[in-house]
Structures are given as C-alpha cells and as structure tokens.
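K.L.:
I'd like to ask some things about the structure below.
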Amino acid sequence: MGANNGKQCGSEDSDPSMRTLSTPSPALILKPNPPQTVPNGHETSSTSFTVTGETVALVHAPPGSRSHPSRVPPSALIDALPDPVLLQVLSYLCTPQLCRCARVSRRWYNLAWDPRLWSTIRLTGELLSADRALKVLTHRLCQDTPNVCLTLETVVVSGCRRLSDRGLRVVAQCCPELRRLEVAGCYNVSNEAVFDVVSQCPNLEHLDVSGCPKVTCISLTEEATLQLTPLHGQQIGLQHLDMTDCVSLEDKGLRTIAFHCPRLTHLYLRRCSRLTDEALRQLALHCTALRELSLSDCPLIGDFGLREVARLEGRLRYLSVAHCMRITDVGLRYVARYCPRLRYLNARGCEGLTDQGLSHLARNCSRLRSIDVGRCPLVSDAGLEVLARCCEGLRRLSLRGCESLTGRGLMALAVGCPELQLLNVQECEVPPEALRLVRQHCRRCVIEHTIPAFY
C-alpha cells in the first residue's frame, strides 16, 4: 500500500468531554475557536476546546460512540468502495486529513488508522504544540504493539518553535524503526534530545537539524559521549546529515560526528561559521563514503581544507564551497586532481579563483554537469573556452557577476556544450549576439540575463 508521504498539520474542532474505553483518535488543533456569545449576553461553549494563544492536541472517541449521526450518509457512493480501494485513496492524505477521516464513521475510523498508512508523520506551523501532537499520535499508533510503533519510519516537524526535547524523546522511545527525522527550524531542540534519537533508533539514516542553533553535535561533545556510554565506541548508521545554520558547531563537535558516523554519504554544513580546515581532516579520515558535501559560507575553510576533502578521491560527486573567501586555485587543483567523478561544484563568490583553476578543473573532471563560478571576477573567456572543450555534458552554468567575460567565451560554450539547459549571465556585459548563438545551438537552454537588447 502506498506510503503516506505528504502529511502536514492543520486545524480541527474537537470535544474534550468525549472519552470512551476504545482507542482514541487524535486531532491536531490550530487557532482554537473562541466562545460564542448569545443574545442574552451569556457565553456558550462551542464544540471546540479553547486555549488562548496556544495550539493543543486532543483525543476523540470513535465516531460510532457519538450521540449524533455520521457526517457521511450511508448511501454515499464512496461507501460502496471496497476496503482495499479506500485504503489506497487514504494513502494520499496528509496527517491532519487522516485524523479528520477517522471521525467520519466507524468504518473510516478503522481504515484511517490502518498501520500501513502511517509510515510518515508531517507537522508544521509555528503555533503547533508539536510535543503534544507527537505524544497523541504515537500513543494511538502503539495500540497494537504496546509502547512501540513499528510502522513509523519518517517524522518531519518543520518550523515548530514549540517542539522541545520532550517531543523528540517520545519519538526516540516509541519509534525504533525510524529512518528519517527532520526538525528544521525548531529552535528549542537540544543536543541531548537528538542524542536520544540517534542512540535509540539504530536504523536512522537521514537527520536534518538545520536551523537548530542549540544543536552543536549530534552526539554531544566527545567527553559527554564517553559519559553517556551507549555511544562509546559505537558506530551510527546515519547516512544523511543536514546541520545548516547550526552556528555553534565547532571542530570538536564535527570530529565526534565523523568518528561515530563513518557511513555518512551526504553532509551539509552551510553557514557553520566556526568550522576550520582541521575539522575537514577528521571528516576525510573517518567518513570515506561521502558523496555530497556543502561548506558554503564557512569563512574559515581554505585551501588546506580542500586538500583534505580531496582525500575522498573518486567518491565525491557534489561539492559546495560558495563564499569561502580563503579558497584559491591551489585548493581547486587538489579537488580536480583527486576527484575526477565530480558532477557539481559551487564556488560562487570565491574571488581567488582564476581561469587557471577553472581550466584545471575542466581537464580533470570532464563529467561535470553543473558549475557555479558567479562573483568570481578573475574568471574570463579563457577559462570558458577550456570548459567548453572538455565538459561536453555540462548542463548548468552560472557566471553571474563575472565582470571579465565577453562574447568569445559564450560562443565557445554554445558550440561545445549542446546539452546546456541553464545559463546565468546576469550582471555580465556580454553582446546579445553571443546569447543568440547559445540559444541557436542549445535548444533547451534557459538564459537568465540582464541585457535589454536580448529577447
């Protein structure tokens, strides 16, 4: 049965007085309705539970136990569908929609809580009480297997500022089969809670803690790891880790991550401004399977760090070092020499790069598909001509703000790179004739420009 891959939190009315001995059905409530005022001036409560300025999650009884009739008439055409077909329909619904469907009728209640529909939970919204929502949902999903939810593999909570360590610990305790966890933009998540998830979910492969400023290391500092013995000497099967905007991450924390996560294949460290070249040495030493690495906006990373990254040799496919001002042709030469299978390079804003470095990269990494050297003022037509000769399969190229370009380099690209799909020459003073030649030879190419004469 299809997995539930698009579950985002919404709003739902509920009656807190409804309680039965049967399994509860959670409803996630956003912006509860205020009490209504009748003409005699007295307030009367509606069916929704009001909590001023806060989002809550409540439980509901199965629809069959309610005093009022089902919302869907028995003669509805959808009721004629057999259970397998209706399950397939429900598999496309998001988390709050499934909760609503569980309140339609007793049959729908049983179908909406079929374990096969609950491989994924997605919650979003700043006002959402994510801790409460996760507790209610996991409690219901643990009904058939007490205290353990064996079907849940993905939990995504984005932009929920009210998610705290309490909610993550519920996930860690109840979801041993968890494979993917995303808590991007959740400001109150700390090292300790992430550690609990990592240590108690051995199958975890994808972890996104981007925008969580309190997270400095997924397994705490090295000393704390030794005290918390579950990870002492243990390797974690994590393959995807996104720590974008974790501004407190330092070399020591990354060293511990590298030691405990040797299977990492995707690592994103954008805007981790405290990292230095020494951290990359440890990364290359322990995480030899890395295929994608982003170091964009890490100002302390330089050529020595790229030399360490080059030790990954033929495995590296994606590398982003945008706005790393200490990187020059020297570092790029190491990458070009030892990473011949590189497909993507983002070196935007690396002002020390020149035609020499770009030429060396093109000659050694002929499989390049995407390059961004925007804001590199020393890149000119000479580098583009070598790129056009050596990288015939190039599909995306950004030259935005490259002041030294003229039409000669673009004409070479038009002839040498017929598969080009995107060309960005914004803020470049190039003749319209060169762009027309690109359009003529690269039929599928989208040209982004700021040249009024070209249309």
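Here, A, B, ... name the chains of the structure tokens in the order displayed, residue numbers run from 1 inside each chain, and ligands are numbered from 1 in the same displayed order.
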Can you pull out the residues contacting Ser380 in chain A? Cut-off 8 Å, using only C-alpha atoms, and skip same-chain residues under 5 positions away; I want them as a count of residues only.
P.N.:
8
K.L.:
For Arg179 in chain A, list every protein, DNA or RNA residue within 8 Å, evaluated using only C-alpha atoms, and leave out those in the same chain fewer than 2 positions away; present the list as a tab-separated table (two decimals) with all heavy atoms, in the first residue's frame.
P.N.:
chain	number	residue	atom	x	y	z
A	153	GLU	N	8.41	5.36	10.07
A	153	GLU	CA	9.79	5.44	9.59
A	153	GLU	C	10.26	6.87	9.37
A	153	GLU	O	11.47	7.11	9.31
A	153	GLU	CB	9.94	4.65	8.29
A	153	GLU	CG	9.69	3.16	8.45
A	153	GLU	CD	9.92	2.41	7.15
A	153	GLU	OE1	10.12	3.08	6.10
A	153	GLU	OE2	9.91	1.17	7.17
A	154	THR	N	9.31	7.82	9.23
A	154	THR	CA	9.67	9.20	8.93
A	154	THR	C	8.88	10.15	9.81
A	154	THR	O	7.67	10.03	9.91
A	154	THR	CB	9.38	9.54	7.45
A	154	THR	OG1	10.14	8.66	6.61
A	154	THR	CG2	9.74	10.98	7.14
A	177	GLU	N	12.07	1.90	14.63
A	177	GLU	CA	12.30	1.68	13.20
A	177	GLU	C	12.47	2.99	12.44
A	177	GLU	O	12.47	2.99	11.20
A	177	GLU	CB	11.14	0.88	12.60
A	177	GLU	CG	10.97	-0.50	13.20
A	177	GLU	CD	12.20	-1.37	13.01
A	177	GLU	OE1	12.81	-1.30	11.91
A	177	GLU	OE2	12.57	-2.09	13.95
A	181	LEU	N	14.46	11.66	10.20
A	181	LEU	CA	13.98	12.66	11.14
A	181	LEU	C	14.39	14.05	10.66
A	181	LEU	O	15.57	14.30	10.43
A	181	LEU	CB	14.55	12.41	12.54
A	181	LEU	CG	14.20	13.48	13.60
A	181	LEU	CD1	12.70	13.50	13.86
A	181	LEU	CD2	14.97	13.24	14.89
A	201	CYS	N	17.48	4.77	17.92
A	201	CYS	CA	16.94	4.41	16.61
A	201	CYS	C	18.09	3.94	15.73
A	201	CYS	O	18.67	4.73	14.96
A	201	CYS	CB	16.23	5.60	15.97
A	201	CYS	SG	14.86	6.25	16.95
A	203	ASN	N	18.32	2.34	13.04
A	203	ASN	CA	18.16	2.36	11.58
A	203	ASN	C	18.11	3.77	11.00
A	203	ASN	O	17.87	3.93	9.81
A	203	ASN	CB	16.87	1.62	11.19
A	203	ASN	CG	16.92	0.15	11.56
A	203	ASN	OD1	17.97	-0.48	11.46
A	203	ASN	ND2	15.79	-0.40	11.99
A	204	LEU	N	18.33	4.79	11.83
A	204	LEU	CA	18.26	6.17	11.37
A	204	LEU	C	19.32	6.44	10.30
A	204	LEU	O	20.50	6.21	10.51
A	204	LEU	CB	18.45	7.13	12.55
A	204	LEU	CG	18.20	8.61	12.27
A	204	LEU	CD1	16.72	8.85	11.97
A	204	LEU	CD2	18.64	9.47	13.44
A	205	GLU	N	18.85	6.93	9.15
A	205	GLU	CA	19.75	7.20	8.03
A	205	GLU	C	19.79	8.67	7.64
A	205	GLU	O	20.79	9.14	7.09
A	205	GLU	CB	19.31	6.38	6.80
A	205	GLU	CG	19.37	4.88	7.01
A	205	GLU	CD	18.86	4.12	5.81
A	205	GLU	OE1	18.29	4.77	4.91
A	205	GLU	OE2	19.03	2.89	5.76
A	206	HIS	N	18.70	9.40	7.91
A	206	HIS	CA	18.60	10.80	7.45
A	206	HIS	C	18.23	11.68	8.64
A	206	HIS	O	17.20	11.46	9.28
A	206	HIS	CB	17.52	10.89	6.37
A	206	HIS	CG	17.34	12.26	5.79
A	206	HIS	ND1	17.58	12.55	4.46
A	206	HIS	CD2	16.95	13.43	6.34
A	206	HIS	CE1	17.34	13.82	4.24
A	206	HIS	NE2	16.95	14.38	5.37
K.L.:
Extract, using only C-alpha atoms, all DNA, RNA and protein residues at most 8 Å from range 282-288 of chain A, discarding same-chain residues fewer than 2 positions from it, and format them as a list of chain:residue names.
P.N.:
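Everything that qualifies: A:Leu254, A:Arg255, A:Ala258, A:Phe259, A:Cys261, A:Pro262, A:Arg263, A:Leu264, A:Thr265, A:Glu278, A:Ala279, A:Leu280, A:Leu290, A:Glu308, A:Val309, A:Arg311, A:Leu312.
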K.L.:
Please, could you write that set of residues out with N, CA and C atoms as a PDB file, in the first residue's frame?
P.N.:
ATOM      1  N   LEU A 254      32.286  18.354  15.132  1.00  0.00           N
ATOM      2  CA  LEU A 254      32.326  17.663  13.846  1.00  0.00           C
ATOM      3  C   LEU A 254      33.256  16.453  13.905  1.00  0.00           C
ATOM      4  N   ARG A 255      34.305  16.555  14.674  1.00  0.00           N
ATOM      5  CA  ARG A 255      35.206  15.411  14.833  1.00  0.00           C
ATOM      6  C   ARG A 255      34.480  14.231  15.469  1.00  0.00           C
ATOM      7  N   ALA A 258      32.115  12.720  12.898  1.00  0.00           N
ATOM      8  CA  ALA A 258      32.853  11.923  11.923  1.00  0.00           C
ATOM      9  C   ALA A 258      33.252  10.576  12.503  1.00  0.00           C
ATOM     10  N   PHE A 259      33.641  10.562  13.765  1.00  0.00           N
ATOM     11  CA  PHE A 259      34.082   9.312  14.398  1.00  0.00           C
ATOM     12  C   PHE A 259      32.930   8.318  14.533  1.00  0.00           C
ATOM     13  N   CYS A 261      29.943   8.401  12.850  1.00  0.00           N
ATOM     14  CA  CYS A 261      29.092   8.247  11.655  1.00  0.00           C
ATOM     15  C   CYS A 261      29.941   7.980  10.414  1.00  0.00           C
ATOM     16  N   PRO A 262      30.641   6.871  10.349  1.00  0.00           N
ATOM     17  CA  PRO A 262      31.513   6.610   9.205  1.00  0.00           C
ATOM     18  C   PRO A 262      30.763   6.315   7.915  1.00  0.00           C
ATOM     19  N   ARG A 263      29.441   6.078   8.003  1.00  0.00           N
ATOM     20  CA  ARG A 263      28.670   5.758   6.795  1.00  0.00           C
ATOM     21  C   ARG A 263      28.058   6.990   6.135  1.00  0.00           C
ATOM     22  N   LEU A 264      28.358   8.151   6.616  1.00  0.00           N
ATOM     23  CA  LEU A 264      27.786   9.363   6.040  1.00  0.00           C
ATOM     24  C   LEU A 264      28.090   9.450   4.542  1.00  0.00           C
ATOM     25  N   THR A 265      27.028   9.727   3.769  1.00  0.00           N
ATOM     26  CA  THR A 265      27.201   9.957   2.338  1.00  0.00           C
ATOM     27  C   THR A 265      26.825  11.386   1.943  1.00  0.00           C
ATOM     28  N   GLU A 278      40.892  22.017  10.013  1.00  0.00           N
ATOM     29  CA  GLU A 278      41.206  20.857  10.831  1.00  0.00           C
ATOM     30  C   GLU A 278      40.018  19.905  10.921  1.00  0.00           C
ATOM     31  N   ALA A 279      38.804  20.442  10.970  1.00  0.00           N
ATOM     32  CA  ALA A 279      37.615  19.593  11.032  1.00  0.00           C
ATOM     33  C   ALA A 279      37.484  18.741   9.780  1.00  0.00           C
ATOM     34  N   LEU A 280      37.848  19.295   8.629  1.00  0.00           N
ATOM     35  CA  LEU A 280      37.745  18.541   7.384  1.00  0.00           C
ATOM     36  C   LEU A 280      38.759  17.406   7.333  1.00  0.00           C
ATOM     37  N   LEU A 290      31.671   9.714   1.782  1.00  0.00           N
ATOM     38  CA  LEU A 290      30.980  10.966   1.461  1.00  0.00           C
ATOM     39  C   LEU A 290      30.879  11.186  -0.055  1.00  0.00           C
ATOM     40  N   GLU A 308      42.230  18.266   2.141  1.00  0.00           N
ATOM     41  CA  GLU A 308      41.738  17.134   2.925  1.00  0.00           C
ATOM     42  C   GLU A 308      40.495  16.528   2.284  1.00  0.00           C
ATOM     43  N   VAL A 309      39.617  17.386   1.761  1.00  0.00           N
ATOM     44  CA  VAL A 309      38.418  16.882   1.082  1.00  0.00           C
ATOM     45  C   VAL A 309      38.808  16.046  -0.131  1.00  0.00           C
ATOM     46  N   ARG A 311      40.968  13.974  -0.392  1.00  0.00           N
ATOM     47  CA  ARG A 311      41.316  12.604   0.008  1.00  0.00           C
ATOM     48  C   ARG A 311      40.145  11.656  -0.168  1.00  0.00           C
ATOM     49  N   LEU A 312      38.946  12.206  -0.350  1.00  0.00           N
ATOM     50  CA  LEU A 312      37.789  11.353  -0.623  1.00  0.00           C
ATOM     51  C   LEU A 312      37.873  10.743  -2.016  1.00  0.00           C
TER      52      LEU A 312
END
K.L.:
If DSSP is run on the backbone, what residues of range 87-153 of chain A are alpha helix (DSSP H)? A reply as a ChimeraX atom specification would be ideal.
P.N.:
/A:87-90,95-101,106-112,130-141
K.L.:
Could you please determine the separation between CA of Cys94 in chain A and CA of Cys212 in chain A in Å, to one decimal place?
P.N.:
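Separating CA of Cys94 in chain A from CA of Cys212 in chain A is a distance of 25.0 Å.
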K.L.:
Using backbone DSSP assignments, extract all strand (DSSP E or B) residues from range 78-209 of chain A; output them as a PyMOL selection string.
P.N.:
chain A and resi 120-124+154-158+180-182+206-208
K.L.:
What lies within 12 Å of Leu163 in chain A using only C-alpha atoms, ignoring chain neighbours under 5 positions off, as a PyMOL selection string?
P.N.:
chain A and resi 55+123-135+156-158+168-171+182-190+193+212
K.L.:
Mind dumping the selected residues with C-alpha atoms as a PDB file, in the first residue's frame?
P.N.:
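Full text of selection.pdb as output:
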ATOM      1  CA  THR A  55      -2.155  25.134  19.954  1.00  0.00           C
ATOM      2  CA  LEU A 123       3.741  18.553  11.245  1.00  0.00           C
ATOM      3  CA  THR A 124       4.278  22.216  10.527  1.00  0.00           C
ATOM      4  CA  GLY A 125       3.370  25.625  11.917  1.00  0.00           C
ATOM      5  CA  GLU A 126       4.852  27.973  14.490  1.00  0.00           C
ATOM      6  CA  LEU A 127       1.858  27.747  16.853  1.00  0.00           C
ATOM      7  CA  LEU A 128       1.546  23.975  16.726  1.00  0.00           C
ATOM      8  CA  SER A 129       2.076  22.173  20.022  1.00  0.00           C
ATOM      9  CA  ALA A 130       4.272  19.575  18.378  1.00  0.00           C
ATOM     10  CA  ASP A 131       5.158  17.854  21.665  1.00  0.00           C
ATOM     11  CA  ARG A 132       1.516  17.133  22.405  1.00  0.00           C
ATOM     12  CA  ALA A 133       0.750  16.131  18.821  1.00  0.00           C
ATOM     13  CA  LEU A 134       3.617  13.630  18.694  1.00  0.00           C
ATOM     14  CA  LYS A 135       2.609  12.155  22.029  1.00  0.00           C
ATOM     15  CA  VAL A 156       9.088  15.676   9.797  1.00  0.00           C
ATOM     16  CA  VAL A 157       8.461  18.660  12.088  1.00  0.00           C
ATOM     17  CA  SER A 158       9.307  21.937  10.366  1.00  0.00           C
ATOM     18  CA  LEU A 168      11.800  14.109  20.440  1.00  0.00           C
ATOM     19  CA  ARG A 169      12.194  11.795  23.422  1.00  0.00           C
ATOM     20  CA  VAL A 170       8.716  10.407  22.760  1.00  0.00           C
ATOM     21  CA  VAL A 171       9.823   9.621  19.209  1.00  0.00           C
ATOM     22  CA  GLU A 182      13.669  16.326  10.119  1.00  0.00           C
ATOM     23  CA  VAL A 183      13.301  19.062  12.736  1.00  0.00           C
ATOM     24  CA  ALA A 184      14.401  22.051  10.647  1.00  0.00           C
ATOM     25  CA  GLY A 185      13.834  25.431  12.252  1.00  0.00           C
ATOM     26  CA  CYS A 186      12.869  24.045  15.671  1.00  0.00           C
ATOM     27  CA  TYR A 187      14.728  26.432  17.960  1.00  0.00           C
ATOM     28  CA  ASN A 188      14.217  24.544  21.238  1.00  0.00           C
ATOM     29  CA  VAL A 189      15.742  21.220  20.179  1.00  0.00           C
ATOM     30  CA  SER A 190      18.993  20.490  22.024  1.00  0.00           C
ATOM     31  CA  ALA A 193      17.283  15.068  22.622  1.00  0.00           C
ATOM     32  CA  CYS A 212      18.503  24.465  15.230  1.00  0.00           C
TER      33      CYS A 212
END
K.L.:
Given the choices A:Leu81, A:Val321, A:Leu137, A:Ala362, which gets closest to Cys99 in chain A if the distance is worked out from only C-alpha atoms?
P.N.:
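The answer is A:Leu137, which sits nearest to Cys99 in chain A.
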K.L.:
I want to know what sits within 8 Å of Ala414 in chain A, based on only C-alpha atoms, with residues of the same chain fewer than 2 positions away left out; could you give that as a count of residues only?
P.N.:
12
K.L.:
Can you list, as a list in words, every protein, DNA or RNA residue that comes within 10 Å of Leu435 in chain A when you count only C-alpha atoms, leaving out same-chain residues fewer than 6 positions away?
P.N.:
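These residues fall inside the cut-off: Gly407, Leu410, Met411, Ala414, Leu423, Val425, Ile447, His449, Ile451, Phe454 and Tyr455 of chain A.
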K.L.:
Find the distance between CA of Arg408 in chain A and CA of Glu385 in chain A and write it in Å to one decimal.
P.N.:
8.1 Å
K.L.:
Return the single residue from A:Leu353, A:Cys428, A:Leu422, A:Val415 that is closest to His323 in chain A, with distances computed using only C-alpha atoms.
P.N.:
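The answer is A:Leu353, which sits nearest to His323 in chain A.
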K.L.:
Rounded to one decimal in Å, what is the spacing between CA of Ser199 in chain A and CA of Gln235 in chain A?
P.N.:
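Calculated distance between CA of Ser199 in chain A and CA of Gln235 in chain A is 9.8 Å.
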K.L.:
Would you mind telling me which residue in A:Thr328, A:Ser294, A:Gln173, A:Thr216 lies nearest to Tyr344 in chain A when using only C-alpha atoms?
P.N.:
A:Ser294
K.L.:
With distances taken over only C-alpha atoms, which residue among A:Glu419, A:Val430, A:Asp372, A:Cys101 lies nearest Leu394 in chain A?
P.N.:
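Looking only at the distances to Leu394 in chain A, the closest residue turns out to be A:Glu419.
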